[in-house]
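Here's coords-v3.pdb, which has PDB, C-alpha atoms and all ligand atoms:
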```pdb
MODEL        1
ATOM      1  CA  MET T   1     -12.665 -10.437 -37.912
ATOM      2  CA  PRO T   2     -14.240  -7.547 -39.877
ATOM      3  CA  SER T   3     -11.848  -5.178 -41.690
ATOM      4  CA  LEU T   4     -11.875  -1.485 -40.871
ATOM      5  CA  THR T   5     -13.804   0.583 -43.403
ATOM      6  CA  LEU T   6     -12.414   3.962 -44.458
ATOM      7  CA  GLN T   7     -14.975   5.732 -42.280
ATOM      8  CA  GLU T   8     -14.088   3.539 -39.281
ATOM      9  CA  ILE T   9     -10.384   4.249 -39.776
ATOM     10  CA  GLU T  10     -11.126   7.966 -39.671
ATOM     11  CA  LEU T  11     -13.298   7.690 -36.566
ATOM     12  CA  TRP T  12     -10.870   5.445 -34.695
ATOM     13  CA  THR T  13      -7.875   7.592 -35.657
ATOM     14  CA  ALA T  14      -9.623  10.714 -34.347
ATOM     15  CA  TYR T  15     -10.652   8.926 -31.147
ATOM     16  CA  ILE T  16      -7.157   7.570 -30.464
ATOM     17  CA  LYS T  17      -5.669  11.001 -31.083
ATOM     18  CA  SER T  18      -8.160  12.562 -28.665
ATOM     19  CA  ILE T  19      -7.426  10.151 -25.811
ATOM     20  CA  CYS T  20      -3.655   9.824 -26.022
ATOM     21  CA  GLY T  21      -2.377  12.152 -28.732
ATOM     22  CA  ASN T  22      -1.050   9.321 -30.829
ATOM     23  CA  SER T  23      -1.619  10.014 -34.504
ATOM     24  CA  HIS T  24      -2.256   6.830 -36.436
ATOM     25  CA  ASP T  25      -2.724   7.700 -40.096
ATOM     26  CA  ALA T  26      -4.708   5.561 -42.506
ATOM     27  CA  GLY T  27      -1.507   3.704 -43.490
ATOM     28  CA  LYS T  28      -1.358   2.490 -39.926
ATOM     29  CA  ALA T  29      -4.859   1.043 -39.953
ATOM     30  CA  TYR T  30      -3.331  -2.396 -39.590
ATOM     31  CA  LEU T  31      -1.988  -1.245 -36.190
ATOM     32  CA  ILE T  32      -5.500  -0.485 -35.007
ATOM     33  CA  GLU T  33      -6.791  -3.799 -36.381
ATOM     34  CA  ASN T  34      -3.947  -5.880 -34.961
ATOM     35  CA  ARG T  35      -3.795  -4.303 -31.555
ATOM     36  CA  LEU T  36      -7.505  -3.867 -30.870
ATOM     37  CA  ALA T  37      -8.632  -7.237 -32.261
ATOM     38  CA  PRO T  38      -8.691  -8.839 -28.763
ATOM     39  CA  LEU T  39     -11.080  -6.114 -27.587
ATOM     40  CA  LEU T  40     -13.374  -6.627 -30.562
ATOM     41  CA  GLN T  41     -13.614 -10.264 -29.537
ATOM     42  CA  GLU T  42     -13.866  -9.646 -25.794
ATOM     43  CA  THR T  43     -16.784  -7.235 -26.205
ATOM     44  CA  GLY T  44     -18.542  -9.407 -28.804
ATOM     45  CA  SER T  45     -18.678  -6.459 -31.229
ATOM     46  CA  ASN T  46     -19.795  -7.128 -34.811
ATOM     47  CA  SER T  47     -18.013  -4.130 -36.288
ATOM     48  CA  TRP T  48     -15.297  -1.616 -35.441
ATOM     49  CA  LEU T  49     -17.955   1.088 -35.295
ATOM     50  CA  GLN T  50     -19.922  -0.883 -32.732
ATOM     51  CA  LEU T  51     -16.783  -1.333 -30.620
ATOM     52  CA  LEU T  52     -16.054   2.392 -30.807
ATOM     53  CA  THR T  53     -19.591   3.233 -29.691
ATOM     54  CA  LYS T  54     -19.243   0.857 -26.733
ATOM     55  CA  VAL T  55     -15.857   2.319 -25.759
ATOM     56  CA  LYS T  56     -17.157   5.890 -25.938
ATOM     57  CA  SER T  57     -20.369   5.240 -24.041
ATOM     58  CA  GLU T  58     -19.023   3.016 -21.283
ATOM     59  CA  GLN T  59     -19.287   4.997 -18.034
ATOM     60  CA  THR T  60     -16.476   3.413 -15.989
ATOM     61  CA  GLY T  61     -13.773   4.236 -18.544
ATOM     62  CA  ASN T  62     -12.639   0.617 -18.351
ATOM     63  CA  LEU T  63     -12.822   0.011 -22.099
ATOM     64  CA  LYS T  64     -11.048   3.296 -22.782
ATOM     65  CA  ARG T  65      -8.204   2.178 -20.472
ATOM     66  CA  LYS T  66      -8.027  -1.116 -22.352
ATOM     67  CA  VAL T  67      -7.805   0.721 -25.689
ATOM     68  CA  ILE T  68      -4.945   2.835 -24.303
ATOM     69  CA  ASN T  69      -3.109  -0.222 -22.993
ATOM     70  CA  LEU T  70      -3.434  -1.971 -26.348
ATOM     71  CA  ILE T  71      -2.768   0.923 -28.704
ATOM     72  CA  THR T  72       0.263   2.576 -27.064
ATOM     73  CA  THR T  73       3.725   1.551 -28.183
ATOM     74  CA  ASN T  74       5.590   0.667 -24.998
ATOM     75  CA  GLU T  75       8.943  -0.195 -26.549
ATOM     76  CA  THR T  76      11.762   0.503 -24.082
ATOM     77  CA  SER T  77      14.902  -1.063 -22.640
ATOM     78  CA  PHE T  78      17.433  -0.542 -19.874
ATOM     79  CA  PHE T  79      19.944   2.231 -20.646
ATOM     80  CA  ARG T  80      18.193   2.824 -23.964
ATOM     81  CA  ASP T  81      20.459   4.750 -26.365
ATOM     82  CA  THR T  82      23.310   4.777 -23.760
ATOM     83  CA  SER T  83      24.333   8.423 -24.308
ATOM     84  CA  PRO T  84      21.571  10.036 -22.159
ATOM     85  CA  PHE T  85      22.796   7.930 -19.240
ATOM     86  CA  GLU T  86      26.406   9.031 -19.859
ATOM     87  CA  LEU T  87      25.076  12.568 -19.896
ATOM     88  CA  LEU T  88      23.461  11.982 -16.497
ATOM     89  CA  GLN T  89      26.593  10.348 -15.098
ATOM     90  CA  PHE T  90      29.252  12.758 -16.320
ATOM     91  CA  LYS T  91      27.422  16.070 -16.538
ATOM     92  CA  ILE T  92      23.941  16.438 -15.112
ATOM     93  CA  ILE T  93      24.203  14.666 -11.748
ATOM     94  CA  PRO T  94      27.654  16.091 -10.820
ATOM     95  CA  ASP T  95      26.486  19.617 -11.826
ATOM     96  CA  ILE T  96      23.296  19.368  -9.762
ATOM     97  CA  ILE T  97      25.150  18.109  -6.695
ATOM     98  CA  ASP T  98      27.871  20.776  -6.971
ATOM     99  CA  ARG T  99      25.303  23.535  -7.308
ATOM    100  CA  LYS T 100      23.124  22.299  -4.454
ATOM    101  CA  ARG T 101      26.155  21.909  -2.166
ATOM    102  CA  LYS T 102      27.246  25.487  -2.926
ATOM    103  CA  ASN T 103      23.752  26.899  -2.451
ATOM    104  CA  ALA T 104      23.144  25.144   0.870
ATOM    105  CA  PRO T 105      26.604  24.507   2.356
ATOM    106  CA  GLY T 106      25.432  23.346   5.791
ATOM    107  CA  SER T 107      22.689  20.975   4.723
ATOM    108  CA  SER T 108      23.231  17.324   5.554
ATOM    109  CA  VAL T 109      20.954  15.868   2.869
ATOM    110  CA  ILE T 110      20.735  16.956  -0.765
ATOM    111  CA  PRO T 111      17.263  16.546  -2.312
ATOM    112  CA  ILE T 112      17.091  15.634  -6.006
ATOM    113  CA  ARG T 113      13.777  15.278  -7.828
ATOM    114  CA  ILE T 114      13.423  13.550 -11.187
ATOM    115  CA  TRP T 115      10.458  12.952 -13.464
ATOM    116  CA  SER T 116      10.553  10.210 -16.058
ATOM    117  CA  ALA T 117       7.542  11.151 -18.199
ATOM    118  CA  ALA T 118       6.120   8.315 -20.312
ATOM    119  CA  CYS T 119       8.514   5.809 -18.763
ATOM    120  CA  SER T 120       6.693   2.696 -20.013
ATOM    121  CA  SER T 121       7.467  -0.394 -17.888
ATOM    122  CA  GLY T 122      10.080   1.366 -15.756
ATOM    123  CA  GLN T 123      13.416   0.510 -17.386
ATOM    124  CA  GLU T 124      14.242   4.233 -17.801
ATOM    125  CA  VAL T 125      13.496   4.876 -14.121
ATOM    126  CA  TYR T 126      15.630   2.045 -12.783
ATOM    127  CA  SER T 127      18.483   2.757 -15.234
ATOM    128  CA  THR T 128      18.538   6.354 -13.959
ATOM    129  CA  LEU T 129      18.584   5.242 -10.324
ATOM    130  CA  ILE T 130      21.389   2.778 -11.043
ATOM    131  CA  VAL T 131      23.436   5.638 -12.529
ATOM    132  CA  PHE T 132      22.910   7.587  -9.283
ATOM    133  CA  LYS T 133      23.887   4.609  -7.151
ATOM    134  CA  GLU T 134      27.001   3.818  -9.209
ATOM    135  CA  LEU T 135      28.087   7.434  -9.033
ATOM    136  CA  LEU T 136      27.270   8.216  -5.414
ATOM    137  CA  GLY T 137      27.745   4.888  -3.647
ATOM    138  CA  ASN T 138      26.410   5.639  -0.182
ATOM    139  CA  MET T 139      23.069   7.374  -0.753
ATOM    140  CA  GLN T 140      22.514   8.519   2.834
ATOM    141  CA  LYS T 141      23.545  12.093   2.055
ATOM    142  CA  TYR T 142      20.980  12.344  -0.717
ATOM    143  CA  ASP T 143      17.221  12.316  -0.857
ATOM    144  CA  ILE T 144      16.632  11.085  -4.393
ATOM    145  CA  ARG T 145      13.101  10.596  -5.618
ATOM    146  CA  ILE T 146      12.018   9.718  -9.110
ATOM    147  CA  LEU T 147       8.464   9.849 -10.339
ATOM    148  CA  GLY T 148       7.703   7.562 -13.269
ATOM    149  CA  THR T 149       4.521   8.273 -15.203
ATOM    150  CA  ASP T 150       2.767   6.852 -18.240
ATOM    151  CA  ILE T 151      -0.721   6.987 -19.714
ATOM    152  CA  SER T 152      -0.972   3.189 -19.679
ATOM    153  CA  ASP T 153      -1.956   1.765 -16.302
ATOM    154  CA  LYS T 154      -0.760  -1.647 -17.482
ATOM    155  CA  VAL T 155       2.857  -0.520 -17.834
ATOM    156  CA  MET T 156       2.581   1.477 -14.595
ATOM    157  CA  ALA T 157       1.658  -1.748 -12.788
ATOM    158  CA  GLN T 158       4.636  -3.521 -14.400
ATOM    159  CA  ALA T 159       6.994  -0.675 -13.457
ATOM    160  CA  SER T 160       5.727  -0.671  -9.906
ATOM    161  CA  TYR T 161       6.149  -4.430  -9.661
ATOM    162  CA  ALA T 162       9.804  -3.936 -10.649
ATOM    163  CA  LYS T 163      10.136  -7.492 -11.947
ATOM    164  CA  TYR T 164      11.808  -8.245 -15.254
ATOM    165  CA  SER T 165      12.417 -11.312 -17.375
ATOM    166  CA  LYS T 166      15.868 -12.510 -18.393
ATOM    167  CA  MET T 167      15.169 -11.200 -21.877
ATOM    168  CA  ASP T 168      14.267  -7.717 -20.547
ATOM    169  CA  LEU T 169      17.485  -7.604 -18.528
ATOM    170  CA  GLU T 170      19.600  -8.756 -21.439
ATOM    171  CA  ARG T 171      18.441  -5.667 -23.293
ATOM    172  CA  GLY T 172      20.849  -3.165 -21.743
ATOM    173  CA  MET T 173      21.829  -4.533 -18.344
ATOM    174  CA  THR T 174      25.318  -5.994 -17.898
ATOM    175  CA  THR T 175      25.853  -9.229 -15.948
ATOM    176  CA  GLU T 176      27.698  -7.222 -13.317
ATOM    177  CA  LYS T 177      24.787  -4.813 -12.841
ATOM    178  CA  ILE T 178      22.256  -7.651 -12.780
ATOM    179  CA  ALA T 179      24.192  -9.250  -9.927
ATOM    180  CA  LYS T 180      24.437  -5.924  -8.076
ATOM    181  CA  TYR T 181      20.941  -4.526  -8.512
ATOM    182  CA  PHE T 182      18.526  -7.428  -9.050
ATOM    183  CA  VAL T 183      17.453 -10.379  -6.949
ATOM    184  CA  PRO T 184      16.039 -13.601  -8.440
ATOM    185  CA  ASP T 185      12.294 -13.979  -7.900
ATOM    186  CA  GLY T 186      10.881 -17.188  -9.409
ATOM    187  CA  ASN T 187      11.807 -17.069 -13.063
ATOM    188  CA  MET T 188      12.062 -13.262 -12.965
ATOM    189  CA  TRP T 189      14.480 -10.732 -11.463
ATOM    190  CA  ARG T 190      13.308  -8.064  -9.044
ATOM    191  CA  VAL T 191      14.915  -4.653  -8.604
ATOM    192  CA  GLN T 192      16.739  -4.464  -5.265
ATOM    193  CA  ASP T 193      14.741  -2.748  -2.499
ATOM    194  CA  GLU T 194      17.110   0.208  -2.001
ATOM    195  CA  ILE T 195      16.675   1.204  -5.653
ATOM    196  CA  ARG T 196      12.977   0.339  -5.846
ATOM    197  CA  ALA T 197      12.209   2.492  -2.774
ATOM    198  CA  MET T 198      13.317   5.671  -4.552
ATOM    199  CA  ALA T 199      10.691   5.312  -7.294
ATOM    200  CA  THR T 200       6.966   6.012  -7.381
ATOM    201  CA  PHE T 201       4.686   5.513 -10.347
ATOM    202  CA  LYS T 202       1.482   7.186 -11.449
ATOM    203  CA  SER T 203      -0.710   7.216 -14.574
ATOM    204  CA  ILE T 204      -0.563  10.648 -16.192
ATOM    205  CA  ASN T 205      -1.744  11.684 -19.646
ATOM    206  CA  LEU T 206       0.797  14.147 -21.017
ATOM    207  CA  LEU T 207      -1.901  15.807 -23.127
ATOM    208  CA  GLU T 208      -3.585  17.083 -19.964
ATOM    209  CA  PRO T 209      -2.295  19.820 -17.638
ATOM    210  CA  PHE T 210      -0.203  18.509 -14.749
ATOM    211  CA  VAL T 211       0.711  19.902 -11.329
ATOM    212  CA  PHE T 212       3.281  18.578  -8.902
ATOM    213  CA  PRO T 213       4.105  19.512  -5.303
ATOM    214  CA  TYR T 214       7.678  20.436  -6.289
ATOM    215  CA  LYS T 215       9.819  21.302  -9.305
ATOM    216  CA  PHE T 216      12.078  18.769 -10.937
ATOM    217  CA  ASP T 217      15.853  18.947 -11.227
ATOM    218  CA  ILE T 218      15.721  16.510 -14.146
ATOM    219  CA  VAL T 219      12.898  15.665 -16.548
ATOM    220  CA  LEU T 220      13.308  12.772 -18.961
ATOM    221  CA  CYS T 221      10.690  12.856 -21.701
ATOM    222  CA  ARG T 222      11.966  10.504 -24.338
ATOM    223  CA  ASN T 223      10.371   8.839 -27.334
ATOM    224  CA  VAL T 224       6.790   9.838 -26.624
ATOM    225  CA  ALA T 225       6.283  13.283 -28.182
ATOM    226  CA  ILE T 226       7.294  11.798 -31.548
ATOM    227  CA  TYR T 227       3.775  10.354 -31.669
ATOM    228  CA  PHE T 228       2.139  13.773 -31.000
ATOM    229  CA  SER T 229       1.045  16.547 -33.367
ATOM    230  CA  LEU T 230       3.231  19.659 -33.512
ATOM    231  CA  ASP T 231       0.727  21.619 -31.396
ATOM    232  CA  ASP T 232       0.544  18.911 -28.736
ATOM    233  CA  ARG T 233       4.361  18.755 -28.635
ATOM    234  CA  LYS T 234       4.581  22.517 -28.171
ATOM    235  CA  THR T 235       2.022  22.508 -25.363
ATOM    236  CA  LEU T 236       3.708  19.571 -23.641
ATOM    237  CA  PHE T 237       7.213  21.045 -23.624
ATOM    238  CA  ASN T 238       5.891  24.450 -22.543
ATOM    239  CA  ARG T 239       4.157  22.773 -19.605
ATOM    240  CA  ILE T 240       7.289  20.793 -18.758
ATOM    241  CA  GLY T 241       9.153  24.137 -18.655
ATOM    242  CA  ASN T 242       6.779  25.222 -15.873
ATOM    243  CA  VAL T 243       7.606  22.223 -13.659
ATOM    244  CA  LEU T 244      11.349  22.311 -14.263
ATOM    245  CA  ALA T 245      13.524  23.847 -11.493
ATOM    246  CA  PRO T 246      15.276  27.086 -12.609
ATOM    247  CA  ASP T 247      18.542  25.251 -13.363
ATOM    248  CA  GLY T 248      16.792  21.995 -14.219
ATOM    249  CA  TYR T 249      17.651  19.711 -17.116
ATOM    250  CA  LEU T 250      15.330  18.346 -19.775
ATOM    251  CA  VAL T 251      16.435  15.283 -21.719
ATOM    252  CA  ILE T 252      14.433  14.202 -24.772
ATOM    253  CA  GLY T 253      14.828  11.314 -27.223
ATOM    254  CA  SER T 254      17.956  11.055 -29.366
ATOM    255  CA  THR T 255      15.975  11.597 -32.567
ATOM    256  CA  GLU T 256      13.917  14.486 -31.171
ATOM    257  CA  SER T 257      14.564  18.229 -31.119
ATOM    258  CA  LEU T 258      12.935  21.306 -29.602
ATOM    259  CA  SER T 259      14.447  23.659 -32.132
ATOM    260  CA  GLY T 260      11.789  26.053 -33.420
ATOM    261  CA  LEU T 261       9.264  24.547 -31.017
ATOM    262  CA  CYS T 262       9.672  26.226 -27.617
ATOM    263  CA  SER T 263      11.697  29.428 -27.437
ATOM    264  CA  GLN T 264      12.221  29.385 -23.660
ATOM    265  CA  TYR T 265      14.649  26.468 -23.888
ATOM    266  CA  GLU T 266      18.310  26.703 -24.658
ATOM    267  CA  SER T 267      19.865  23.606 -26.196
ATOM    268  CA  LYS T 268      23.254  22.513 -24.889
ATOM    269  CA  ARG T 269      25.584  19.768 -25.977
ATOM    270  CA  TYR T 270      27.701  17.422 -23.900
ATOM    271  CA  LEU T 271      29.657  14.501 -25.372
ATOM    272  CA  ARG T 272      27.253  12.867 -27.845
ATOM    273  CA  SER T 273      24.101  14.270 -26.217
ATOM    274  CA  VAL T 274      21.906  17.309 -26.327
ATOM    275  CA  PHE T 275      19.973  18.537 -23.298
ATOM    276  CA  TYR T 276      17.766  21.554 -22.648
ATOM    277  CA  GLN T 277      17.569  24.194 -19.929
ATOM    278  CA  ILE T 278      15.327  27.210 -19.532
ATOM    279  CA  SER T 279      17.329  30.155 -20.878
ATOM    280  CA  SER T 280      18.214  32.942 -18.448
ATOM    281  CA  ALA T 281      16.227  35.395 -20.620
ATOM    282  CA  ALA T 282      13.083  33.254 -20.215
ATOM    283  CA  GLN T 283      13.565  33.081 -16.430
ATOM    284  CA  LYS T 284      13.416  36.873 -15.967
TER     285      LYS T 284
HETATM  286  C1  LIG M 301       8.112   4.246 -26.822
HETATM  287  S1  LIG M 301       7.681   4.345 -25.118
HETATM  288  C2  LIG M 301       9.057   5.259 -24.470
HETATM  289  C3  LIG M 301       9.475   4.755 -23.121
HETATM  290  C4  LIG M 301      10.753   5.397 -22.567
HETATM  291  N1  LIG M 301      10.579   6.818 -22.336
HETATM  292  C5  LIG M 301      11.915   5.157 -23.490
HETATM  293  O1  LIG M 301      12.370   6.083 -24.165
HETATM  294  O2  LIG M 301      12.379   4.013 -23.551
HETATM  295  C6  LIG M 301       6.388   5.592 -25.181
HETATM  296  C7  LIG M 301       5.498   5.572 -23.951
HETATM  297  O3  LIG M 301       4.675   6.728 -24.004
HETATM  298  C8  LIG M 301       3.415   6.412 -23.452
HETATM  299  N2  LIG M 301       2.419   7.403 -23.917
HETATM  300  C9  LIG M 301       1.836   7.502 -25.135
HETATM  301  N3  LIG M 301       0.970   8.535 -25.166
HETATM  302  C10 LIG M 301       1.022   9.108 -23.940
HETATM  303  C11 LIG M 301       0.365  10.222 -23.338
HETATM  304  N4  LIG M 301      -0.533  10.953 -24.012
HETATM  305  N5  LIG M 301       0.646  10.526 -22.055
HETATM  306  C12 LIG M 301       1.545   9.784 -21.349
HETATM  307  N6  LIG M 301       2.200   8.726 -21.858
HETATM  308  C13 LIG M 301       1.954   8.393 -23.135
HETATM  309  C14 LIG M 301       3.144   4.999 -23.934
HETATM  310  O4  LIG M 301       2.220   4.329 -23.116
HETATM  311  C15 LIG M 301       4.561   4.390 -23.903
HETATM  312  O5  LIG M 301       4.761   3.638 -22.739
ENDMDL
END
```
Here is a file; write its structure as structure tokens.
Amino acid sequence: MPSLTLQEIELWTAYIKSICGNSHDAGKAYLIENRLAPLLQETGSNSWLQLLTKVKSEQTGNLKRKVINLITTNETSFFRDTSPFELLQFKIIPDIIDRKRKNAPGSSVIPIRIWSAACSSGQEVYSTLIVFKELLGNMQKYDIRILGTDISDKVMAQASYAKYSKMDLERGMTTEKIAKYFVPDGNMWRVQDEIRAMATFKSINLLEPFVFPYKFDIVLCRNVAIYFSLDDRKTLFNRIGNVLAPDGYLVIGSTESLSGLCSQYESKRYLRSVFYQISSAAQK
């Protein structure tokens, strides 16, 4: 396999940044080489430059999709970092339900809309739904819908399939929850239908403007903006502010912060977690 030249590193880095925002600096050239090697072979390219030319000129966008699937870091697990899910269980979900009950006292069904942005293979989505189910038990009085999105169509297919290996489940799911929420399917485990039915998945690039038919009560956008430039992060969280319901909650990754980035958000703390809401000043 040919090694990347300095010029090729620069060109590939710029291309990757332009299609998914991920900044791979020259020190990460090995990432490009390791992850895209199968594509070099598959396309019979003699050099990295030739592969890049093919990817850019291919009309169907198929090669571009393959680059995205190979280059994105899809690391995730069930109940990743634990504390955001405690935050949902003890603060966010009870607050939303209380407020909605007060605002519409006679209504028989409470709608709750959630967006898990950059959800990878779906573990974040199903962990969130399991928190709802554990907390609410009978879901008939609620209309809960979660939209899971990611730029990679490969992980969107996996999320939609809702099937996980034993190893995936062992990363975050207790034996008790496995028994309650998964059914064996060959050598995999499938998410139970009641939970699966509340989720839909769609490929969305967070660098591009997005519109939705409704506003979200909760947006989870964790461990993706860390790969973006400061400007892209600013634009993303400003846009998320526009699709968040007036009292909606934004939860970001445990190592991330919006401080100094987007002034319309107010940061709030609960237990070990920080979450964000649009400040009342910004709503006027
Ligand atoms: C490290 S995973 C985080 C998954 C999950 N949110 C979590 O915290 O466990 C980052 C995900 O962001 C996705 N991603 C990267 N760039 C993106 C973009 N521009 N738009 C949407 N998703 C993107 C990747 O495909 C990957 O699945």
Check which residues satisfy the PyMOL selection byres (((chain T and resi 62-66) around 12) and not hetatm) in the file shown, then give them as JSON, numbers by chain.
{"T": [15, 16, 18, 19, 20, 35, 36, 37, 38, 39, 40, 42, 43, 51, 52, 53, 54, 55, 56, 57, 58, 59, 60, 61, 67, 68, 69, 70, 71, 72, 151, 152, 153, 154, 155, 203, 205]}
Keeping only C-alpha atoms, write those residues as a PDB file, in the frame of the given file.
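Once written, selection03.pdb looks like this:
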```pdb
ATOM      1  CA  TYR T  15     -10.652   8.926 -31.147  1.00  0.00           C
ATOM      2  CA  ILE T  16      -7.157   7.570 -30.464  1.00  0.00           C
ATOM      3  CA  SER T  18      -8.160  12.562 -28.665  1.00  0.00           C
ATOM      4  CA  ILE T  19      -7.426  10.151 -25.811  1.00  0.00           C
ATOM      5  CA  CYS T  20      -3.655   9.824 -26.022  1.00  0.00           C
ATOM      6  CA  ARG T  35      -3.795  -4.303 -31.555  1.00  0.00           C
ATOM      7  CA  LEU T  36      -7.505  -3.867 -30.870  1.00  0.00           C
ATOM      8  CA  ALA T  37      -8.632  -7.237 -32.261  1.00  0.00           C
ATOM      9  CA  PRO T  38      -8.691  -8.839 -28.763  1.00  0.00           C
ATOM     10  CA  LEU T  39     -11.080  -6.114 -27.587  1.00  0.00           C
ATOM     11  CA  LEU T  40     -13.374  -6.627 -30.562  1.00  0.00           C
ATOM     12  CA  GLU T  42     -13.866  -9.646 -25.794  1.00  0.00           C
ATOM     13  CA  THR T  43     -16.784  -7.235 -26.205  1.00  0.00           C
ATOM     14  CA  LEU T  51     -16.783  -1.333 -30.620  1.00  0.00           C
ATOM     15  CA  LEU T  52     -16.054   2.392 -30.807  1.00  0.00           C
ATOM     16  CA  THR T  53     -19.591   3.233 -29.691  1.00  0.00           C
ATOM     17  CA  LYS T  54     -19.243   0.857 -26.733  1.00  0.00           C
ATOM     18  CA  VAL T  55     -15.857   2.319 -25.759  1.00  0.00           C
ATOM     19  CA  LYS T  56     -17.157   5.890 -25.938  1.00  0.00           C
ATOM     20  CA  SER T  57     -20.369   5.240 -24.041  1.00  0.00           C
ATOM     21  CA  GLU T  58     -19.023   3.016 -21.283  1.00  0.00           C
ATOM     22  CA  GLN T  59     -19.287   4.997 -18.034  1.00  0.00           C
ATOM     23  CA  THR T  60     -16.476   3.413 -15.989  1.00  0.00           C
ATOM     24  CA  GLY T  61     -13.773   4.236 -18.544  1.00  0.00           C
ATOM     25  CA  VAL T  67      -7.805   0.721 -25.689  1.00  0.00           C
ATOM     26  CA  ILE T  68      -4.945   2.835 -24.303  1.00  0.00           C
ATOM     27  CA  ASN T  69      -3.109  -0.222 -22.993  1.00  0.00           C
ATOM     28  CA  LEU T  70      -3.434  -1.971 -26.348  1.00  0.00           C
ATOM     29  CA  ILE T  71      -2.768   0.923 -28.704  1.00  0.00           C
ATOM     30  CA  THR T  72       0.263   2.576 -27.064  1.00  0.00           C
ATOM     31  CA  ILE T 151      -0.721   6.987 -19.714  1.00  0.00           C
ATOM     32  CA  SER T 152      -0.972   3.189 -19.679  1.00  0.00           C
ATOM     33  CA  ASP T 153      -1.956   1.765 -16.302  1.00  0.00           C
ATOM     34  CA  LYS T 154      -0.760  -1.647 -17.482  1.00  0.00           C
ATOM     35  CA  VAL T 155       2.857  -0.520 -17.834  1.00  0.00           C
ATOM     36  CA  SER T 203      -0.710   7.216 -14.574  1.00  0.00           C
ATOM     37  CA  ASN T 205      -1.744  11.684 -19.646  1.00  0.00           C
TER      38      ASN T 205
END
```
Contacts to ligand LIG 301 (chain M) at 9 Å cut-off (all atoms listed in the file) as a ChimeraX atom specification:
/T:17,19-22,68-69,71-81,116-125,149-156,203-208,220-228,252-253
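Put simply, the PyMOL selection byres (((chain T and resi 180-194) around 10) and not hetatm) on this file hits T:Tyr126, T:Leu129, T:Ile130, T:Lys133, T:Met139, T:Tyr161, T:Ala162, T:Lys163, T:Tyr164, T:Ser165, T:Lys166, T:Met167, T:Asp168, T:Leu169, T:Met173, T:Thr174, T:Thr175, T:Glu176, T:Lys177, T:Ile178, T:Ala179, T:Ile195, T:Arg196, T:Ala197, T:Met198, T:Ala199.
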Evaluate the PyMOL selection byres (((chain T and resi 236) around 9) and not hetatm) on the structure here and hand back the selected residues as a CSV table (one decimal) with C-alpha atoms, in the coordinates of the input.
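Once everything was written out, this is result36.csv:
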```
chain,number,residue,atom,x,y,z
T,206,LEU,CA,0.8,14.1,-21.0
T,207,LEU,CA,-1.9,15.8,-23.1
T,208,GLU,CA,-3.6,17.1,-20.0
T,209,PRO,CA,-2.3,19.8,-17.6
T,225,ALA,CA,6.3,13.3,-28.2
T,231,ASP,CA,0.7,21.6,-31.4
T,232,ASP,CA,0.5,18.9,-28.7
T,233,ARG,CA,4.4,18.8,-28.6
T,234,LYS,CA,4.6,22.5,-28.2
T,235,THR,CA,2.0,22.5,-25.4
T,237,PHE,CA,7.2,21.0,-23.6
T,238,ASN,CA,5.9,24.4,-22.5
T,239,ARG,CA,4.2,22.8,-19.6
T,240,ILE,CA,7.3,20.8,-18.8
T,241,GLY,CA,9.2,24.1,-18.7
```
With 5 Å added on each side, what axis-aligned box encloses every listed atom of segment 244-261 of chain T? Give the centre and edge lengths in Å to one decimal, as AutoDock Vina command-line options.
```
--center_x 13.9 --center_y 19.1 --center_z -22.5 --size_x 19.3 --size_y 26.0 --size_z 31.9
```
Atom CA of Pro105 of chain T and atom CA of Ile144 of chain T are how many Å apart?
18.0 Å
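Restricting the calculation to all atoms listed in the file, the smallest distance between Asp143 of chain T and any of T:Thr5, T:Ser108, T:Gln158, T:Ser229 is found for T:Ser108.
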What is the atom CA of Tyr142 of chain T-atom CA of Lys202 of chain T distance in Å, reported with one decimal?
22.8 Å
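Between atom CA of Lys141 of chain T and atom CA of Trp115 of chain T lies a distance of 20.3 Å.
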Near Ser279 of chain T, counting all atoms listed in the file, which residues have an atom at most 12 Å away, once you skip same-chain residues fewer than 6 positions from it, shown as a PyMOL selection string?
chain T and resi 241+244-249+262-268
Slice of the block: segment 42-58 of chain T, C-alpha atoms, as a PDB file, in the first residue's frame:
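Generated output (selection32.pdb):
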```
ATOM      1  CA  GLU T  42     -11.487  -1.904  -3.651  1.00  0.00           C
ATOM      2  CA  THR T  43     -11.168   0.882  -6.225  1.00  0.00           C
ATOM      3  CA  GLY T  44      -7.826  -0.387  -7.560  1.00  0.00           C
ATOM      4  CA  SER T  45      -6.244   3.037  -6.959  1.00  0.00           C
ATOM      5  CA  ASN T  46      -2.467   3.365  -7.347  1.00  0.00           C
ATOM      6  CA  SER T  47      -2.151   6.376  -5.073  1.00  0.00           C
ATOM      7  CA  TRP T  48      -4.093   8.263  -2.411  1.00  0.00           C
ATOM      8  CA  LEU T  49      -4.425  11.170  -4.827  1.00  0.00           C
ATOM      9  CA  GLN T  50      -5.998   8.920  -7.431  1.00  0.00           C
ATOM     10  CA  LEU T  51      -8.469   7.601  -4.849  1.00  0.00           C
ATOM     11  CA  LEU T  52      -9.368  11.147  -3.815  1.00  0.00           C
ATOM     12  CA  THR T  53      -9.988  12.142  -7.433  1.00  0.00           C
ATOM     13  CA  LYS T  54     -12.261   9.119  -7.895  1.00  0.00           C
ATOM     14  CA  VAL T  55     -14.180   9.877  -4.687  1.00  0.00           C
ATOM     15  CA  LYS T  56     -14.673  13.526  -5.644  1.00  0.00           C
ATOM     16  CA  SER T  57     -15.718  12.861  -9.223  1.00  0.00           C
ATOM     17  CA  GLU T  58     -18.024   9.905  -8.658  1.00  0.00           C
TER      18      GLU T  58
END
```
